[in-house]
$ cat query.json   # JSON, N, CA and C atoms and all ligand atoms
[["chain", "number", "residue", "atom", "x", "y", "z"],
["R", 367, "MET", "N", -76.06, 49.88, -28.92],
["R", 367, "MET", "CA", -75.33, 50.84, -29.75],
["R", 367, "MET", "C", -75.31, 50.38, -31.20],
["R", 368, "ASN", "N", -75.38, 51.32, -32.10],
["R", 368, "ASN", "CA", -75.38, 51.00, -33.52],
["R", 368, "ASN", "C", -73.97, 50.76, -34.06],
["R", 369, "PHE", "N", -73.88, 49.77, -34.94],
["R", 369, "PHE", "CA", -72.60, 49.53, -35.59],
["R", 369, "PHE", "C", -72.61, 50.19, -36.95],
["R", 370, "LYS", "N", -71.51, 50.83, -37.25],
["R", 370, "LYS", "CA", -71.39, 51.47, -38.55],
["R", 370, "LYS", "C", -70.21, 50.88, -39.30],
["R", 371, "LYS", "N", -70.30, 50.97, -40.63],
["R", 371, "LYS", "CA", -69.21, 50.47, -41.46],
["R", 371, "LYS", "C", -68.31, 51.64, -41.82],
["R", 372, "CYS", "N", -67.05, 51.49, -41.55],
["R", 372, "CYS", "CA", -66.09, 52.56, -41.82],
["R", 372, "CYS", "C", -66.02, 52.82, -43.33],
["R", 373, "VAL", "N", -66.13, 54.08, -43.73],
["R", 373, "VAL", "CA", -66.11, 54.40, -45.16],
["R", 373, "VAL", "C", -64.71, 54.28, -45.76],
["R", 374, "ARG", "N", -63.69, 54.21, -44.93],
["R", 374, "ARG", "CA", -62.33, 54.09, -45.45],
["R", 374, "ARG", "C", -61.87, 52.65, -45.58],
["R", 375, "CYS", "N", -62.00, 51.87, -44.48],
["R", 375, "CYS", "CA", -61.44, 50.52, -44.52],
["R", 375, "CYS", "C", -62.52, 49.44, -44.52],
["R", 376, "GLY", "N", -63.78, 49.81, -44.26],
["R", 376, "GLY", "CA", -64.86, 48.85, -44.35],
["R", 376, "GLY", "C", -65.07, 48.03, -43.09],
["R", 377, "CYS", "N", -64.30, 48.31, -42.04],
["R", 377, "CYS", "CA", -64.50, 47.55, -40.80],
["R", 377, "CYS", "C", -65.71, 48.09, -40.05],
["R", 378, "PHE", "N", -66.26, 47.27, -39.16],
["R", 378, "PHE", "CA", -67.41, 47.70, -38.39],
["R", 378, "PHE", "C", -66.97, 48.25, -37.05],
["R", 379, "PHE", "N", -67.60, 49.31, -36.63],
["R", 379, "PHE", "CA", -67.25, 49.93, -35.37],
["R", 379, "PHE", "C", -68.47, 50.63, -34.81],
["R", 380, "SER", "N", -68.43, 50.97, -33.55],
["R", 380, "SER", "CA", -69.57, 51.66, -32.97],
["R", 380, "SER", "C", -69.18, 53.09, -32.61],
["R", 381, "SER", "N", -69.75, 54.01, -33.31],
["R", 381, "SER", "CA", -69.45, 55.42, -33.10],
["R", 381, "SER", "C", -70.44, 56.25, -33.89],
["R", 382, "VAL", "N", -70.41, 57.54, -33.68],
["R", 382, "VAL", "CA", -71.25, 58.43, -34.48],
["R", 382, "VAL", "C", -70.49, 58.93, -35.70],
["R", 383, "ASP", "N", -69.18, 58.64, -35.74],
["R", 383, "ASP", "CA", -68.36, 59.13, -36.84],
["R", 383, "ASP", "C", -68.54, 58.27, -38.09],
["R", 384, "GLU", "N", -68.04, 58.79, -39.22],
["R", 384, "GLU", "CA", -68.12, 58.07, -40.48],
["R", 384, "GLU", "C", -66.99, 57.06, -40.61],
["R", 385, "VAL", "N", -65.89, 57.31, -39.91],
["R", 385, "VAL", "CA", -64.73, 56.43, -40.02],
["R", 385, "VAL", "C", -64.39, 55.84, -38.66],
["R", 386, "CYS", "N", -63.74, 54.67, -38.67],
["R", 386, "CYS", "CA", -63.39, 53.98, -37.43],
["R", 386, "CYS", "C", -62.22, 54.70, -36.74],
["R", 387, "PRO", "N", -61.97, 54.38, -35.48],
["R", 387, "PRO", "CA", -60.89, 55.05, -34.75],
["R", 387, "PRO", "C", -59.52, 54.88, -35.41],
["R", 388, "ASN", "N", -59.32, 53.77, -36.13],
["R", 388, "ASN", "CA", -58.05, 53.55, -36.84],
["R", 388, "ASN", "C", -57.86, 54.54, -37.98],
["R", 389, "CYS", "N", -58.95, 54.85, -38.66],
["R", 389, "CYS", "CA", -58.86, 55.68, -39.86],
["R", 389, "CYS", "C", -59.05, 57.15, -39.55],
["R", 390, "SER", "N", -59.54, 57.45, -38.38],
["R", 390, "SER", "CA", -59.83, 58.84, -38.07],
["R", 390, "SER", "C", -58.60, 59.76, -38.15],
["R", 391, "PRO", "N", -57.41, 59.31, -37.69],
["R", 391, "PRO", "CA", -56.23, 60.18, -37.87],
["R", 391, "PRO", "C", -55.90, 60.44, -39.34],
["R", 392, "LYS", "N", -56.10, 59.42, -40.19],
["R", 392, "LYS", "CA", -55.84, 59.60, -41.63],
["R", 392, "LYS", "C", -56.82, 60.60, -42.21],
["R", 393, "ASP", "N", -58.08, 60.49, -41.77],
["R", 393, "ASP", "CA", -59.11, 61.42, -42.22],
["R", 393, "ASP", "C", -58.74, 62.85, -41.83],
["R", 394, "ASN", "N", -58.35, 63.02, -40.58],
["R", 394, "ASN", "CA", -58.00, 64.35, -40.09],
["R", 394, "ASN", "C", -56.80, 64.91, -40.83],
["R", 395, "PHE", "N", -55.82, 64.05, -41.07],
["R", 395, "PHE", "CA", -54.62, 64.46, -41.78],
["R", 395, "PHE", "C", -54.97, 64.95, -43.19],
["R", 396, "GLU", "N", -55.78, 64.15, -43.90],
["R", 396, "GLU", "CA", -56.13, 64.51, -45.27],
["R", 396, "GLU", "C", -57.01, 65.75, -45.32],
["R", 397, "MET", "N", -57.88, 65.88, -44.32],
["R", 397, "MET", "CA", -58.75, 67.05, -44.30],
["R", 397, "MET", "C", -57.94, 68.33, -44.08],
["R", 398, "SER", "N", -56.92, 68.27, -43.23],
["R", 398, "SER", "CA", -56.13, 69.48, -43.00],
["R", 398, "SER", "C", -55.28, 69.79, -44.24],
["R", 399, "LYS", "N", -54.83, 68.73, -44.92],
["R", 399, "LYS", "CA", -54.08, 68.90, -46.15],
["R", 399, "LYS", "C", -54.96, 69.56, -47.22],
["R", 400, "LEU", "N", -56.17, 69.04, -47.34],
["R", 400, "LEU", "CA", -57.12, 69.56, -48.32],
["R", 400, "LEU", "C", -57.49, 71.00, -47.99],
["R", 401, "LYS", "N", -57.67, 71.25, -46.71],
["R", 401, "LYS", "CA", -58.04, 72.59, -46.27],
["R", 401, "LYS", "C", -56.96, 73.59, -46.66],
["R", 402, "THR", "N", -55.71, 73.24, -46.36],
["R", 402, "THR", "CA", -54.59, 74.11, -46.72],
["R", 402, "THR", "C", -54.58, 74.37, -48.22],
["R", 403, "PHE", "N", -54.80, 73.29, -48.98],
["R", 403, "PHE", "CA", -54.80, 73.43, -50.44],
["R", 403, "PHE", "C", -55.91, 74.37, -50.91],
["R", 404, "LEU", "N", -57.12, 74.15, -50.41],
["R", 404, "LEU", "CA", -58.27, 74.93, -50.86],
["R", 404, "LEU", "C", -58.17, 76.39, -50.43],
["R", 405, "VAL", "N", -57.65, 76.60, -49.23],
["R", 405, "VAL", "CA", -57.53, 77.97, -48.73],
["R", 405, "VAL", "C", -56.51, 78.76, -49.53],
["R", 406, "ASN", "N", -55.43, 78.08, -49.95],
["R", 406, "ASN", "CA", -54.34, 78.78, -50.63],
["R", 406, "ASN", "C", -54.43, 78.78, -52.14],
["R", 407, "GLN", "N", -55.38, 78.05, -52.71],
["R", 407, "GLN", "CA", -55.45, 78.00, -54.17],
["R", 407, "GLN", "C", -55.82, 79.37, -54.73],
["R", 408, "VAL", "N", -55.17, 79.72, -55.81],
["R", 408, "VAL", "CA", -55.44, 81.02, -56.41],
["R", 408, "VAL", "C", -56.66, 80.92, -57.32],
["R", 409, "GLU", "N", -56.65, 79.90, -58.17],
["R", 409, "GLU", "CA", -57.80, 79.66, -59.02],
["R", 409, "GLU", "C", -58.49, 78.39, -58.56],
["R", 410, "GLU", "N", -59.78, 78.27, -58.87],
["R", 410, "GLU", "CA", -60.54, 77.08, -58.52],
["R", 410, "GLU", "C", -59.91, 75.86, -59.20],
["R", 411, "ALA", "N", -59.38, 74.92, -58.40],
["R", 411, "ALA", "CA", -58.75, 73.73, -58.95],
["R", 411, "ALA", "C", -59.80, 72.68, -59.27],
["R", 412, "SER", "N", -59.51, 71.87, -60.30],
["R", 412, "SER", "CA", -60.43, 70.78, -60.63],
["R", 412, "SER", "C", -60.17, 69.62, -59.67],
["R", 413, "ILE", "N", -61.13, 68.70, -59.59],
["R", 413, "ILE", "CA", -60.98, 67.53, -58.72],
["R", 413, "ILE", "C", -59.69, 66.78, -59.06],
["R", 414, "THR", "N", -59.42, 66.65, -60.38],
["R", 414, "THR", "CA", -58.21, 65.94, -60.81],
["R", 414, "THR", "C", -56.96, 66.62, -60.28],
["R", 415, "ASP", "N", -56.94, 67.95, -60.33],
["R", 415, "ASP", "CA", -55.80, 68.70, -59.82],
["R", 415, "ASP", "C", -55.63, 68.48, -58.32],
["R", 416, "ILE", "N", -56.73, 68.52, -57.61],
["R", 416, "ILE", "CA", -56.67, 68.36, -56.15],
["R", 416, "ILE", "C", -56.12, 66.98, -55.80],
["R", 417, "ILE", "N", -56.60, 65.95, -56.52],
["R", 417, "ILE", "CA", -56.11, 64.59, -56.26],
["R", 417, "ILE", "C", -54.61, 64.52, -56.52],
["R", 418, "LYS", "N", -54.18, 65.13, -57.61],
["R", 418, "LYS", "CA", -52.77, 65.12, -57.96],
["R", 418, "LYS", "C", -51.93, 65.84, -56.91],
["R", 419, "GLU", "N", -52.42, 66.95, -56.44],
["R", 419, "GLU", "CA", -51.65, 67.78, -55.50],
["R", 419, "GLU", "C", -51.65, 67.21, -54.08],
["R", 420, "THR", "N", -52.78, 66.66, -53.67],
["R", 420, "THR", "CA", -52.89, 66.23, -52.27],
["R", 420, "THR", "C", -52.71, 64.74, -52.08],
["R", 421, "GLY", "N", -52.90, 63.95, -53.16],
["R", 421, "GLY", "CA", -52.79, 62.51, -53.05],
["R", 421, "GLY", "C", -53.98, 61.86, -52.35],
["R", 422, "ILE", "N", -55.05, 62.61, -52.20],
["R", 422, "ILE", "CA", -56.24, 62.07, -51.53],
["R", 422, "ILE", "C", -57.07, 61.29, -52.53],
["R", 423, "GLU", "N", -57.58, 60.14, -52.12],
["R", 423, "GLU", "CA", -58.42, 59.32, -53.00],
["R", 423, "GLU", "C", -59.71, 60.06, -53.33],
["R", 424, "GLU", "N", -60.21, 59.81, -54.55],
["R", 424, "GLU", "CA", -61.38, 60.55, -55.01],
["R", 424, "GLU", "C", -62.60, 60.36, -54.10],
["R", 425, "SER", "N", -62.82, 59.12, -53.64],
["R", 425, "SER", "CA", -64.00, 58.89, -52.81],
["R", 425, "SER", "C", -63.91, 59.66, -51.49],
["R", 426, "ASN", "N", -62.70, 59.70, -50.93],
["R", 426, "ASN", "CA", -62.51, 60.46, -49.69],
["R", 426, "ASN", "C", -62.63, 61.96, -49.95],
["R", 427, "LEU", "N", -62.08, 62.36, -51.07],
["R", 427, "LEU", "CA", -62.12, 63.78, -51.45],
["R", 427, "LEU", "C", -63.57, 64.25, -51.59],
["R", 428, "ASN", "N", -64.37, 63.46, -52.29],
["R", 428, "ASN", "CA", -65.79, 63.81, -52.45],
["R", 428, "ASN", "C", -66.49, 63.89, -51.11],
["R", 429, "ARG", "N", -66.13, 62.96, -50.22],
["R", 429, "ARG", "CA", -66.74, 62.95, -48.90],
["R", 429, "ARG", "C", -66.40, 64.24, -48.13],
["R", 430, "PHE", "N", -65.14, 64.65, -48.22],
["R", 430, "PHE", "CA", -64.73, 65.88, -47.52],
["R", 430, "PHE", "C", -65.42, 67.11, -48.11],
["R", 431, "MET", "N", -65.50, 67.13, -49.46],
["R", 431, "MET", "CA", -66.09, 68.29, -50.13],
["R", 431, "MET", "C", -67.59, 68.39, -49.84],
["R", 432, "ASN", "N", -68.20, 67.25, -49.53],
["R", 432, "ASN", "CA", -69.63, 67.26, -49.22],
["R", 432, "ASN", "C", -69.89, 67.50, -47.74],
["R", 433, "ASN", "N", -68.83, 67.59, -46.98],
["R", 433, "ASN", "CA", -68.94, 67.84, -45.55],
["R", 433, "ASN", "C", -69.15, 69.35, -45.32],
["R", 434, "LYS", "N", -70.40, 69.71, -44.99],
["R", 434, "LYS", "CA", -70.75, 71.13, -44.89],
["R", 434, "LYS", "C", -69.91, 71.87, -43.86],
["R", 435, "ASN", "N", -69.68, 71.25, -42.72],
["R", 435, "ASN", "CA", -68.90, 71.91, -41.67],
["R", 435, "ASN", "C", -67.47, 72.15, -42.11],
["R", 436, "PHE", "N", -66.94, 71.15, -42.82],
["R", 436, "PHE", "CA", -65.57, 71.27, -43.31],
["R", 436, "PHE", "C", -65.45, 72.42, -44.30],
["R", 437, "MET", "N", -66.38, 72.48, -45.26],
["R", 437, "MET", "CA", -66.34, 73.51, -46.28],
["R", 437, "MET", "C", -66.58, 74.89, -45.68],
["R", 438, "LYS", "N", -67.41, 74.92, -44.65],
["R", 438, "LYS", "CA", -67.67, 76.19, -43.97],
["R", 438, "LYS", "C", -66.37, 76.70, -43.35],
["R", 439, "ASP", "N", -65.64, 75.78, -42.75],
["R", 439, "ASP", "CA", -64.33, 76.09, -42.15],
["R", 439, "ASP", "C", -63.37, 76.63, -43.19],
["R", 440, "VAL", "N", -63.34, 75.94, -44.34],
["R", 440, "VAL", "CA", -62.45, 76.33, -45.43],
["R", 440, "VAL", "C", -62.78, 77.75, -45.89],
["R", 441, "ASN", "N", -64.07, 78.00, -46.11],
["R", 441, "ASN", "CA", -64.47, 79.32, -46.60],
["R", 441, "ASN", "C", -64.19, 80.41, -45.59],
["R", 442, "LYS", "N", -64.36, 80.07, -44.32],
["R", 442, "LYS", "CA", -64.11, 81.04, -43.27],
["R", 442, "LYS", "C", -62.64, 81.45, -43.30],
["R", 443, "GLU", "N", -61.76, 80.46, -43.42],
["R", 443, "GLU", "CA", -60.33, 80.76, -43.43],
["R", 443, "GLU", "C", -59.92, 81.53, -44.68],
["R", 444, "LYS", "N", -60.55, 81.17, -45.77],
["R", 444, "LYS", "CA", -60.29, 81.85, -47.04],
["R", 444, "LYS", "C", -60.67, 83.32, -46.92],
["R", 445, "ASN", "N", -61.82, 83.59, -46.36],
["R", 445, "ASN", "CA", -62.28, 84.96, -46.19],
["R", 445, "ASN", "C", -61.35, 85.74, -45.27],
["R", 446, "ASN", "N", -60.87, 85.08, -44.24],
["R", 446, "ASN", "CA", -59.94, 85.73, -43.31],
["R", 446, "ASN", "C", -58.69, 86.19, -44.03],
["R", 447, "ILE", "N", -58.17, 85.32, -44.90],
["R", 447, "ILE", "CA", -56.95, 85.65, -45.62],
["R", 447, "ILE", "C", -57.18, 86.86, -46.52],
["R", 448, "HIS", "N", -58.29, 86.83, -47.26],
["R", 448, "HIS", "CA", -58.57, 87.93, -48.18],
["R", 448, "HIS", "C", -58.84, 89.23, -47.42],
["R", 449, "PHE", "N", -59.44, 89.06, -46.25],
["R", 449, "PHE", "CA", -59.74, 90.24, -45.45],
["R", 449, "PHE", "C", -58.45, 90.92, -44.99],
["R", 450, "ASN", "N", -57.44, 90.10, -44.72],
["R", 450, "ASN", "CA", -56.18, 90.63, -44.19],
["R", 450, "ASN", "C", -55.26, 91.19, -45.26],
["R", 451, "LEU", "N", -55.60, 90.95, -46.52],
["R", 451, "LEU", "CA", -54.72, 91.42, -47.59],
["R", 451, "LEU", "C", -54.75, 92.95, -47.71],
["L", 501, "ZN", "ZN", -61.54, 52.34, -40.89]]

$ encode --input "query.json" --output "structure tokens" --more "lines below"
Ligand SMILES: [Zn+2]
Amino acid sequence: MNFKKCVRCGCFFSSVDEVCPNCSPKDNFEMSKLKTFLVNQVEEASITDIIKETGIEESNLNRFMNNKNFMKDVNKEKNNIHFNL
């Protein structure tokens, strides 16, 4: 099995994920926080604003924003909201 280095804490672990099992709950928590923020934002917020509002570290934030599946989820929810208006 391949060992990977956790992008959050730097520890080595064996998994297909980017983060170790210790950090995965933090990742999930921040992703749902970011998702809520992005779905509900009225105007496009800057990275600085998002960091200020969510408290997510920039490196993690960039990682989430580059996550295609995550962003697809965000856009899907955003469209749902606008559709229901
Ligand atoms: Zn970790």

$ residues_near_ligand --input "query.json" --ligand "ligand ZN 501 (chain L)" --cutoff "6.5 Å" --atoms "only N, CA and C atoms and all ligand atoms" --output "JSON, numbers by chain"
{"R": [372, 373, 374, 375, 376, 377, 385, 386, 387, 388, 389, 390]}

$ atom_distance --input "query.json" --atom1 "CA of Lys442 in chain R" --atom2 "atom N of Asn406 in chain R"
11.3 Å

$ atom_distance --input "query.json" --atom1 "atom N of Lys371 in chain R" --atom2 "atom N of Glu384 in chain R"
8.3 Å

$ residues_around --input "query.json" --residues "Asn441 in chain R" --least-positions-apart "6" --cutoff "10 Å" --atoms "only C-alpha atoms" --output "list in words"
Lys401, Leu404, Val405, Asn435 and Ile447 of chain R

$ select_by_dssp --input "query.json" --residues "chain R" --states "helix (DSSP H, G or I)" --output "PyMOL selection string"
chain R and resi 390-406+413-420+424-431+434-450

$ write_last_selection --input "query.json" --atoms "N, CA and C atoms" --output "CSV table (one decimal), keeping the file's coordinate frame"
chain,number,residue,atom,x,y,z
R,390,SER,N,-59.5,57.4,-38.4
R,390,SER,CA,-59.8,58.8,-38.1
R,390,SER,C,-58.6,59.8,-38.2
R,391,PRO,N,-57.4,59.3,-37.7
R,391,PRO,CA,-56.2,60.2,-37.9
R,391,PRO,C,-55.9,60.4,-39.3
R,392,LYS,N,-56.1,59.4,-40.2
R,392,LYS,CA,-55.8,59.6,-41.6
R,392,LYS,C,-56.8,60.6,-42.2
R,393,ASP,N,-58.1,60.5,-41.8
R,393,ASP,CA,-59.1,61.4,-42.2
R,393,ASP,C,-58.7,62.8,-41.8
R,394,ASN,N,-58.4,63.0,-40.6
R,394,ASN,CA,-58.0,64.4,-40.1
R,394,ASN,C,-56.8,64.9,-40.8
R,395,PHE,N,-55.8,64.0,-41.1
R,395,PHE,CA,-54.6,64.5,-41.8
R,395,PHE,C,-55.0,65.0,-43.2
R,396,GLU,N,-55.8,64.2,-43.9
R,396,GLU,CA,-56.1,64.5,-45.3
R,396,GLU,C,-57.0,65.8,-45.3
R,397,MET,N,-57.9,65.9,-44.3
R,397,MET,CA,-58.8,67.0,-44.3
R,397,MET,C,-57.9,68.3,-44.1
R,398,SER,N,-56.9,68.3,-43.2
R,398,SER,CA,-56.1,69.5,-43.0
R,398,SER,C,-55.3,69.8,-44.2
R,399,LYS,N,-54.8,68.7,-44.9
R,399,LYS,CA,-54.1,68.9,-46.2
R,399,LYS,C,-55.0,69.6,-47.2
R,400,LEU,N,-56.2,69.0,-47.3
R,400,LEU,CA,-57.1,69.6,-48.3
R,400,LEU,C,-57.5,71.0,-48.0
R,401,LYS,N,-57.7,71.2,-46.7
R,401,LYS,CA,-58.0,72.6,-46.3
R,401,LYS,C,-57.0,73.6,-46.7
R,402,THR,N,-55.7,73.2,-46.4
R,402,THR,CA,-54.6,74.1,-46.7
R,402,THR,C,-54.6,74.4,-48.2
R,403,PHE,N,-54.8,73.3,-49.0
R,403,PHE,CA,-54.8,73.4,-50.4
R,403,PHE,C,-55.9,74.4,-50.9
R,404,LEU,N,-57.1,74.2,-50.4
R,404,LEU,CA,-58.3,74.9,-50.9
R,404,LEU,C,-58.2,76.4,-50.4
R,405,VAL,N,-57.6,76.6,-49.2
R,405,VAL,CA,-57.5,78.0,-48.7
R,405,VAL,C,-56.5,78.8,-49.5
R,406,ASN,N,-55.4,78.1,-50.0
R,406,ASN,CA,-54.3,78.8,-50.6
R,406,ASN,C,-54.4,78.8,-52.1
R,413,ILE,N,-61.1,68.7,-59.6
R,413,ILE,CA,-61.0,67.5,-58.7
R,413,ILE,C,-59.7,66.8,-59.1
R,414,THR,N,-59.4,66.6,-60.4
R,414,THR,CA,-58.2,65.9,-60.8
R,414,THR,C,-57.0,66.6,-60.3
R,415,ASP,N,-56.9,68.0,-60.3
R,415,ASP,CA,-55.8,68.7,-59.8
R,415,ASP,C,-55.6,68.5,-58.3
R,416,ILE,N,-56.7,68.5,-57.6
R,416,ILE,CA,-56.7,68.4,-56.2
R,416,ILE,C,-56.1,67.0,-55.8
R,417,ILE,N,-56.6,66.0,-56.5
R,417,ILE,CA,-56.1,64.6,-56.3
R,417,ILE,C,-54.6,64.5,-56.5
R,418,LYS,N,-54.2,65.1,-57.6
R,418,LYS,CA,-52.8,65.1,-58.0
R,418,LYS,C,-51.9,65.8,-56.9
R,419,GLU,N,-52.4,67.0,-56.4
R,419,GLU,CA,-51.6,67.8,-55.5
R,419,GLU,C,-51.6,67.2,-54.1
R,420,THR,N,-52.8,66.7,-53.7
R,420,THR,CA,-52.9,66.2,-52.3
R,420,THR,C,-52.7,64.7,-52.1
R,424,GLU,N,-60.2,59.8,-54.6
R,424,GLU,CA,-61.4,60.6,-55.0
R,424,GLU,C,-62.6,60.4,-54.1
R,425,SER,N,-62.8,59.1,-53.6
R,425,SER,CA,-64.0,58.9,-52.8
R,425,SER,C,-63.9,59.7,-51.5
R,426,ASN,N,-62.7,59.7,-50.9
R,426,ASN,CA,-62.5,60.5,-49.7
R,426,ASN,C,-62.6,62.0,-50.0
R,427,LEU,N,-62.1,62.4,-51.1
R,427,LEU,CA,-62.1,63.8,-51.4
R,427,LEU,C,-63.6,64.2,-51.6
R,428,ASN,N,-64.4,63.5,-52.3
R,428,ASN,CA,-65.8,63.8,-52.4
R,428,ASN,C,-66.5,63.9,-51.1
R,429,ARG,N,-66.1,63.0,-50.2
R,429,ARG,CA,-66.7,63.0,-48.9
R,429,ARG,C,-66.4,64.2,-48.1
R,430,PHE,N,-65.1,64.6,-48.2
R,430,PHE,CA,-64.7,65.9,-47.5
R,430,PHE,C,-65.4,67.1,-48.1
R,431,MET,N,-65.5,67.1,-49.5
R,431,MET,CA,-66.1,68.3,-50.1
R,431,MET,C,-67.6,68.4,-49.8
R,434,LYS,N,-70.4,69.7,-45.0
R,434,LYS,CA,-70.8,71.1,-44.9
R,434,LYS,C,-69.9,71.9,-43.9
R,435,ASN,N,-69.7,71.2,-42.7
R,435,ASN,CA,-68.9,71.9,-41.7
R,435,ASN,C,-67.5,72.2,-42.1
R,436,PHE,N,-66.9,71.2,-42.8
R,436,PHE,CA,-65.6,71.3,-43.3
R,436,PHE,C,-65.4,72.4,-44.3
R,437,MET,N,-66.4,72.5,-45.3
R,437,MET,CA,-66.3,73.5,-46.3
R,437,MET,C,-66.6,74.9,-45.7
R,438,LYS,N,-67.4,74.9,-44.6
R,438,LYS,CA,-67.7,76.2,-44.0
R,438,LYS,C,-66.4,76.7,-43.4
R,439,ASP,N,-65.6,75.8,-42.8
R,439,ASP,CA,-64.3,76.1,-42.2
R,439,ASP,C,-63.4,76.6,-43.2
R,440,VAL,N,-63.3,75.9,-44.3
R,440,VAL,CA,-62.4,76.3,-45.4
R,440,VAL,C,-62.8,77.8,-45.9
R,441,ASN,N,-64.1,78.0,-46.1
R,441,ASN,CA,-64.5,79.3,-46.6
R,441,ASN,C,-64.2,80.4,-45.6
R,442,LYS,N,-64.4,80.1,-44.3
R,442,LYS,CA,-64.1,81.0,-43.3
R,442,LYS,C,-62.6,81.4,-43.3
R,443,GLU,N,-61.8,80.5,-43.4
R,443,GLU,CA,-60.3,80.8,-43.4
R,443,GLU,C,-59.9,81.5,-44.7
R,444,LYS,N,-60.6,81.2,-45.8
R,444,LYS,CA,-60.3,81.8,-47.0
R,444,LYS,C,-60.7,83.3,-46.9
R,445,ASN,N,-61.8,83.6,-46.4
R,445,ASN,CA,-62.3,85.0,-46.2
R,445,ASN,C,-61.4,85.7,-45.3
R,446,ASN,N,-60.9,85.1,-44.2
R,446,ASN,CA,-59.9,85.7,-43.3
R,446,ASN,C,-58.7,86.2,-44.0
R,447,ILE,N,-58.2,85.3,-44.9
R,447,ILE,CA,-57.0,85.6,-45.6
R,447,ILE,C,-57.2,86.9,-46.5
R,448,HIS,N,-58.3,86.8,-47.3
R,448,HIS,CA,-58.6,87.9,-48.2
R,448,HIS,C,-58.8,89.2,-47.4
R,449,PHE,N,-59.4,89.1,-46.2
R,449,PHE,CA,-59.7,90.2,-45.4
R,449,PHE,C,-58.4,90.9,-45.0
R,450,ASN,N,-57.4,90.1,-44.7
R,450,ASN,CA,-56.2,90.6,-44.2
R,450,ASN,C,-55.3,91.2,-45.3

$ atom_distance --input "query.json" --atom1 "CA of Gln407 in chain R" --atom2 "CA of Lys434 in chain R"
19.2 Å

$ closest_residue --input "query.json" --among "R:Asn426, R:Ser381, R:Pro391, R:Ile416" --to "Phe403 in chain R" --atoms "only N, CA and C atoms"
R:Ile416

$ select_by_dssp --input "query.json" --residues "range 368-445 of chain R" --states "strand (DSSP E or B)" --output "JSON, numbers by chain"
{"R": [370, 371, 378, 379]}

$ closest_residue --input "query.json" --among "R:Ser425, R:Ser380, R:Asn368, R:Ser398" --to "Asp439 in chain R" --atoms "only C-alpha atoms"
R:Ser398

$ closest_residue --input "query.json" --among "R:Asn433, R:Asn446, R:Thr420, R:Thr414" --to "Leu400 in chain R" --atoms "only N, CA and C atoms"
R:Thr420

$ build_atoms --input "query.json" --residues "range 369-380 of chain R" --atoms "N, CA, C and O atoms" --output "CSV table (one decimal), in the frame of the given file"
chain,number,residue,atom,x,y,z
R,369,PHE,N,-73.9,49.8,-34.9
R,369,PHE,CA,-72.6,49.5,-35.6
R,369,PHE,C,-72.6,50.2,-37.0
R,369,PHE,O,-73.6,50.1,-37.7
R,370,LYS,N,-71.5,50.8,-37.2
R,370,LYS,CA,-71.4,51.5,-38.6
R,370,LYS,C,-70.2,50.9,-39.3
R,370,LYS,O,-69.3,50.4,-38.7
R,371,LYS,N,-70.3,51.0,-40.6
R,371,LYS,CA,-69.2,50.5,-41.5
R,371,LYS,C,-68.3,51.6,-41.8
R,371,LYS,O,-68.8,52.7,-42.3
R,372,CYS,N,-67.0,51.5,-41.6
R,372,CYS,CA,-66.1,52.6,-41.8
R,372,CYS,C,-66.0,52.8,-43.3
R,372,CYS,O,-65.9,51.9,-44.1
R,373,VAL,N,-66.1,54.1,-43.7
R,373,VAL,CA,-66.1,54.4,-45.2
R,373,VAL,C,-64.7,54.3,-45.8
R,373,VAL,O,-64.5,54.2,-47.0
R,374,ARG,N,-63.7,54.2,-44.9
R,374,ARG,CA,-62.3,54.1,-45.4
R,374,ARG,C,-61.9,52.6,-45.6
R,374,ARG,O,-61.4,52.2,-46.6
R,375,CYS,N,-62.0,51.9,-44.5
R,375,CYS,CA,-61.4,50.5,-44.5
R,375,CYS,C,-62.5,49.4,-44.5
R,375,CYS,O,-62.2,48.3,-44.7
R,376,GLY,N,-63.8,49.8,-44.3
R,376,GLY,CA,-64.9,48.8,-44.4
R,376,GLY,C,-65.1,48.0,-43.1
R,376,GLY,O,-65.9,47.1,-43.1
R,377,CYS,N,-64.3,48.3,-42.0
R,377,CYS,CA,-64.5,47.6,-40.8
R,377,CYS,C,-65.7,48.1,-40.0
R,377,CYS,O,-66.2,49.2,-40.3
R,378,PHE,N,-66.3,47.3,-39.2
R,378,PHE,CA,-67.4,47.7,-38.4
R,378,PHE,C,-67.0,48.2,-37.0
R,378,PHE,O,-66.1,47.7,-36.4
R,379,PHE,N,-67.6,49.3,-36.6
R,379,PHE,CA,-67.2,49.9,-35.4
R,379,PHE,C,-68.5,50.6,-34.8
R,379,PHE,O,-69.4,50.8,-35.5
R,380,SER,N,-68.4,51.0,-33.6
R,380,SER,CA,-69.6,51.7,-33.0
R,380,SER,C,-69.2,53.1,-32.6
R,380,SER,O,-68.3,53.3,-31.8
